[in-house]
Each structure stands twice: as structure tokens, then as C-alpha cells.
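Participant: After the C-alpha cells below, expect a handful of questions from me.
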Amino acid sequence: MTLQQLKYVIEVATHGSMNEAAKRLFISQPSLSNAIRDLEQELRITIFERTNKGITLSKEGVEFLSYARQVVEQAELLENRYLNAKPSPQHFSVSTQHYAFAVNAFVRLVQQHGHDEYELALRETKTYEIIQDVKSLRSEIGILYLNEFNSKVINKLLKDAGLVFTSLFTAKPHIFISVNNPLAKQESVAIEQLQDYPYLSFDQGEYNSFHFSEEILSTLSHPKSIQVNDRATLFNLLIGLNGYTISTGVLSADLNGNEIIPVPLECEESINVGWICHKSTSLSNLGVAYVQALHEAIGLQD
């Protein structure tokens with residue numbers, strides 16, 4: 001087993017493709033495939049499962065990748081300390097529901113820890129895909145919420161995937177609305193008052209189950225309903241149509257301006273927002289730094 005082979009495994013896992021990894025490593029795809037097969041045979045494990053749909057990490061591969069990353073990081077520290085070598089590009093990715101604080105934390109991470117070269121990814125995506133991204137280590141960390149309604153389903157998926165949920169904060173539900181919305185001046189809003197306004201929610205695609213909804217109270221019927229795929233579109237519709245969405249109440253004026261405000265929603269629900277990762281692996285240095293940045297971003301917005 002060589003350090004180069006470990007770097008090969010990390011590159012393939014990062015990009016989910018032998019062809020793409022080979023291009024970035026400047027070697028042929030057959031050479032890369034043979035190097036990884038040699039490693040698997042030497043260790044007597046299957047690191048990658050190969051199917052017609054592509055290549056994914058096996059359960060053994062997930063554990064191996066966490067150790068490989070630690071070894072490569074330590075080797076690079078030695079090279080930088082004693083050989084004055086150029087640092088390798090840093091790799092880190094996070095998948096998240098549509099939260100401004102997650103973006104703020106990502107900005108802080110890059111500002112505080114970004115070297116001259118890095119390959120980072122921030123994926124605002126669907127709930128089910130967040131779990132799958134972290135399960136396959138496409139992302140090291142995922143951000144989503146649990147509540148009384150969805151926790152049984154989500155926790156089962158997390159357990160089956162070998163993932164663990166760590167709470168960041170618990171919030172009472174709010175609606176996000178335009179400052180020009182007639183409800184904007186109220187101290188709180190009852191659910192019955194929302195019937196005349198368009199309800200905006202994030203589309204969950206193939207897994208459009210109530211349990212995967214980013215918005216609580218997802219089983220309620222709405223006379224006017226619009227689904228969107230990204231946060232910018234949702235906010236534009238909040239302003240343009242006097243629509244509303246239901247979320248945590250944690251909002252960033254730096255990212256979203258002052259035209260959208262949170263107003264408390266009168267209900268007994270609560271939202272437990274947290275992050276997920278593999279329970280059997282340790283976070284990378286950037287993973288630890290990002291979790292710290294999350295706490296800082298939430299503290300600044302409380």
C-alpha cells in the first residue's frame with residue numbers, strides 16, 4: 001500500500017468517477033483502475049462497488065476512506081514542514097437544506113482556512129439527497145432538521161446509513177414574508193391567517209414525501225401552493241407575490257437583504273436543526289472547522 005494509492009482512492013471518492021479522477025490525476029483511466037484493484041486485492045477488501053450506474057463506496061470503503069484521508073493529511077503536514085512542498089488543494093463538501101446560516105458558515109470557513117488552492121463544494125439540495133451524499137461521502141457533513149413528525153423516518157434512514165445526527169439548535173416555527181406583506185407588522189401569525197397567501201416550499205423531487213419536506217406542518221392543505229428548487233427564487237416570490245414559507249426564523253440580512261423578515265407562527269411545533277456525518281469516522285480538519293463556523297454563524301444571527 002502506497003501513499004499514492006491512498007490519494008487515488010480519495011480522488012475517485014471525491015468525484016464519484018474513475019474517468020474524472022484520472023483526468024484530474026493526469027493518468028490513464030486503466031492505470032487508475034488497476035492501481036485501486038491492486039490495493040483492494042492487497043487489503044482483501046472492496047473499496048468501490050462498481051455497477052452499471054457508476055461507482056460508489058462500499059461499507060468497508062467508507063471506513064477505509066476516513067483513515068486514508070487522515071494519513072494523507074498527516075503526510076502533507078510532514079512534507080510542508082520539512083520539504084517546503086506546495087500544499088495540495090484542500091477538499092471539503094457539505095450538503096444542506098436551504099439555510100442561510102449554512103452558507104454564512106461556509107464563507108467563514110473559506111475566509112479562515114482557505115489556502116491558495118482548494119476544491120470545496122456547498123450543495124443546497126433535497127433532504128433525501130443530503131442523506132445519500134453523506135452516506136456515500138460525497139459530502140462529509142449534511143445539515144437538516146428533525147421534528148416530532150419526521151424524526152422516526154429520518155432517524156431510521158440515518159441508522160441504516162451508519163450516520164449520526166448532532167443538534168445545533170432548536171427553534172420555534174416562523175414564517176418568512178416580505179416587509180410589505182400585510183402580516184409583517186404583527187407580533188405573531190396564526191395558521192388561519194395564511195389562507196389567502198401563496199405557500200412556497202422546496203420541491204423534494206422523486207422523494208416528495210411529507211417526511212422529507214423542508215417545511216414543518218407539511219400535511220396541511222394550502223389553497224395556493226408553489227414549489228421551487230432554490231432559495232433565491234423562493235425569496236423573489238415571497239416579495240413579488242406576497243407569499244410565505246415556514247422555517248426556523250434564522251435569517252441573514254447580509255445574504256438576503258432587509259426585504260424578508262421572520263414572524264413567529266402560532267403553533268406548538270419545534271424544529272431541531274443539526275448536522276449529520278458518519279458515526280464511524282472522524283471529521284477532517286476542515287470538517288471540524290466548518291462545525292465551529294456553524295456555531296459562530298448561528299450565534300451571530302440569534
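Identifiers in this document derive from the order of the C-alpha cells: chains are assigned A, B, ..., residues are numbered from 1 separately in each chain, and ligands are numbered from 1 in order of occurrence.
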As a VMD selection string, please: every residue in range 94-275 of chain A that a backbone DSSP assignment puts in strand (DSSP E or B).

Facilitator: chain A and resid 94 to 96 118 to 124 141 to 146 163 to 171 174 to 178 189 199 to 202 225 to 228 244 to 247 260 to 265 271 to 275

Participant: With a cut-off of 7 Å, could you pull out the residues of range 25-141 of chain A touching range 270-284 of chain A and give me the nearest pair of atoms for each, distance in Å to one decimal, using only C-alpha atoms, ordered by chain and ascending number, as a Markdown table?

Facilitator:
```
| residue | atom | partner | partner_atom | distance |
| --- | --- | --- | --- | --- |
| A:Glu63 | CA | A:Thr281 | CA | 6.6 |
| A:Ser66 | CA | A:Thr281 | CA | 5.8 |
| A:Val134 | CA | A:Cys277 | CA | 6.3 |
| A:Glu140 | CA | A:Cys277 | CA | 6.3 |
| A:Ile141 | CA | A:Cys277 | CA | 5.2 |
```

Participant: DSSP on the backbone, helix (DSSP H, G or I) only: what residues of range 47-255 of chain A does that give? Format it as a PyMOL selection string.

Facilitator: chain A and resi 59-82+100-113+127-135+151-161+191-194+205-207+210-212+231-240+253-255

Participant: Selection from above, C-alpha atoms, as an mmCIF file, in the first residue's frame, can you write it?

Facilitator:
```cif
data_model
loop_
_atom_site.group_PDB
_atom_site.id
_atom_site.type_symbol
_atom_site.label_atom_id
_atom_site.label_comp_id
_atom_site.auth_asym_id
_atom_site.auth_seq_id
_atom_site.Cartn_x
_atom_site.Cartn_y
_atom_site.Cartn_z
ATOM 1 C CA LYS A 59 -19.288 -0.017 3.619
ATOM 2 C CA GLU A 60 -15.652 -1.086 4.039
ATOM 3 C CA GLY A 61 -14.651 1.684 1.620
ATOM 4 C CA VAL A 62 -16.282 4.376 3.741
ATOM 5 C CA GLU A 63 -14.220 3.331 6.762
ATOM 6 C CA PHE A 64 -11.045 2.966 4.682
ATOM 7 C CA LEU A 65 -11.516 6.434 3.157
ATOM 8 C CA SER A 66 -11.644 8.111 6.559
ATOM 9 C CA TYR A 67 -8.292 6.533 7.505
ATOM 10 C CA ALA A 68 -6.811 7.314 4.092
ATOM 11 C CA ARG A 69 -7.688 10.979 4.436
ATOM 12 C CA GLN A 70 -6.061 11.162 7.861
ATOM 13 C CA VAL A 71 -2.866 9.523 6.590
ATOM 14 C CA VAL A 72 -2.655 11.808 3.544
ATOM 15 C CA GLU A 73 -3.284 14.904 5.667
ATOM 16 C CA GLN A 74 -0.515 13.922 8.080
ATOM 17 C CA ALA A 75 1.876 13.151 5.214
ATOM 18 C CA GLU A 76 1.220 16.559 3.697
ATOM 19 C CA LEU A 77 1.921 18.220 7.047
ATOM 20 C CA LEU A 78 5.295 16.462 7.132
ATOM 21 C CA GLU A 79 6.078 17.474 3.551
ATOM 22 C CA ASN A 80 5.122 21.077 4.193
ATOM 23 C CA ARG A 81 7.174 21.179 7.395
ATOM 24 C CA TYR A 82 10.368 19.542 6.178
ATOM 25 C CA ALA A 100 -28.623 30.992 5.155
ATOM 26 C CA PHE A 101 -26.543 30.226 8.260
ATOM 27 C CA ALA A 102 -25.030 27.201 6.462
ATOM 28 C CA VAL A 103 -23.873 29.500 3.667
ATOM 29 C CA ASN A 104 -22.516 32.053 6.162
ATOM 30 C CA ALA A 105 -20.549 29.302 7.903
ATOM 31 C CA PHE A 106 -19.138 28.176 4.556
ATOM 32 C CA VAL A 107 -17.990 31.734 3.829
ATOM 33 C CA ARG A 108 -16.279 31.892 7.225
ATOM 34 C CA LEU A 109 -14.600 28.536 6.577
ATOM 35 C CA VAL A 110 -13.099 29.715 3.295
ATOM 36 C CA GLN A 111 -12.019 33.059 4.753
ATOM 37 C CA GLN A 112 -10.322 31.489 7.765
ATOM 38 C CA HIS A 113 -8.932 28.250 6.354
ATOM 39 C CA THR A 127 -33.486 16.129 2.091
ATOM 40 C CA TYR A 128 -33.104 12.554 0.832
ATOM 41 C CA GLU A 129 -30.105 13.537 -1.307
ATOM 42 C CA ILE A 130 -28.400 15.104 1.718
ATOM 43 C CA ILE A 131 -28.534 11.739 3.485
ATOM 44 C CA GLN A 132 -27.288 9.918 0.389
ATOM 45 C CA ASP A 133 -24.470 12.445 -0.146
ATOM 46 C CA VAL A 134 -23.157 11.909 3.378
ATOM 47 C CA LYS A 135 -23.696 8.148 3.230
ATOM 48 C CA SER A 151 -37.914 12.039 13.174
ATOM 49 C CA LYS A 152 -38.985 8.376 13.037
ATOM 50 C CA VAL A 153 -38.486 8.150 9.268
ATOM 51 C CA ILE A 154 -35.323 10.272 9.117
ATOM 52 C CA ASN A 155 -33.684 8.551 12.084
ATOM 53 C CA LYS A 156 -34.289 5.134 10.506
ATOM 54 C CA LEU A 157 -32.605 6.287 7.298
ATOM 55 C CA LEU A 158 -29.687 7.685 9.279
ATOM 56 C CA LYS A 159 -29.300 4.477 11.285
ATOM 57 C CA ASP A 160 -29.404 2.303 8.157
ATOM 58 C CA ALA A 161 -26.776 4.543 6.527
ATOM 59 C CA ILE A 191 -52.174 29.465 10.580
ATOM 60 C CA GLU A 192 -55.717 30.545 9.660
ATOM 61 C CA GLN A 193 -54.440 33.987 8.618
ATOM 62 C CA LEU A 194 -52.273 32.486 5.882
ATOM 63 C CA GLY A 205 -38.227 15.584 -6.412
ATOM 64 C CA GLU A 206 -38.587 11.823 -6.565
ATOM 65 C CA TYR A 207 -38.768 11.616 -2.760
ATOM 66 C CA PHE A 210 -44.247 14.743 3.688
ATOM 67 C CA HIS A 211 -41.460 13.337 5.863
ATOM 68 C CA PHE A 212 -38.756 14.827 3.613
ATOM 69 C CA ARG A 231 -33.627 29.832 -2.157
ATOM 70 C CA ALA A 232 -33.207 32.883 -4.430
ATOM 71 C CA THR A 233 -36.348 32.016 -6.392
ATOM 72 C CA LEU A 234 -38.304 31.411 -3.204
ATOM 73 C CA PHE A 235 -37.304 34.781 -1.794
ATOM 74 C CA ASN A 236 -38.157 36.556 -5.048
ATOM 75 C CA LEU A 237 -41.627 35.007 -4.909
ATOM 76 C CA LEU A 238 -42.025 35.987 -1.256
ATOM 77 C CA ILE A 239 -41.561 39.575 -2.371
ATOM 78 C CA GLY A 240 -43.279 39.505 -5.754
ATOM 79 C CA ALA A 253 -29.528 40.208 6.293
ATOM 80 C CA ASP A 254 -26.018 40.022 4.812
ATOM 81 C CA LEU A 255 -27.112 37.378 2.330
#
```

Participant: May I ask for the distance between CA of Ile55 in chain A and CA of Gln29 in chain A, given in Å to one decimal place?

Facilitator: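 These atoms are spaced 13.5 Å apart.
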
Participant: My list of candidates is A:Val94, A:Leu122, A:Leu217, A:Val164. Which is closest to Phe149 in chain A when distances are computed with only C-alpha atoms?

Facilitator: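 Closest to Phe149 in chain A of all the choices is A:Leu217.
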
Participant: Give the answer as one residue: which of A:Lys7, A:His295, A:His98, A:Arg50 has the shortest atom-to-atom distance to Ala21 in chain A, using only C-alpha atoms?

Facilitator: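 Checking each candidate against Ala21 in chain A, we get A:Lys7 as the closest.
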
Participant: Take CA of Ser95 in chain A and CA of Gln292 in chain A and report the distance between them in Å, one decimal.

Facilitator: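 CA of Ser95 in chain A sits 16.3 Å away from CA of Gln292 in chain A.
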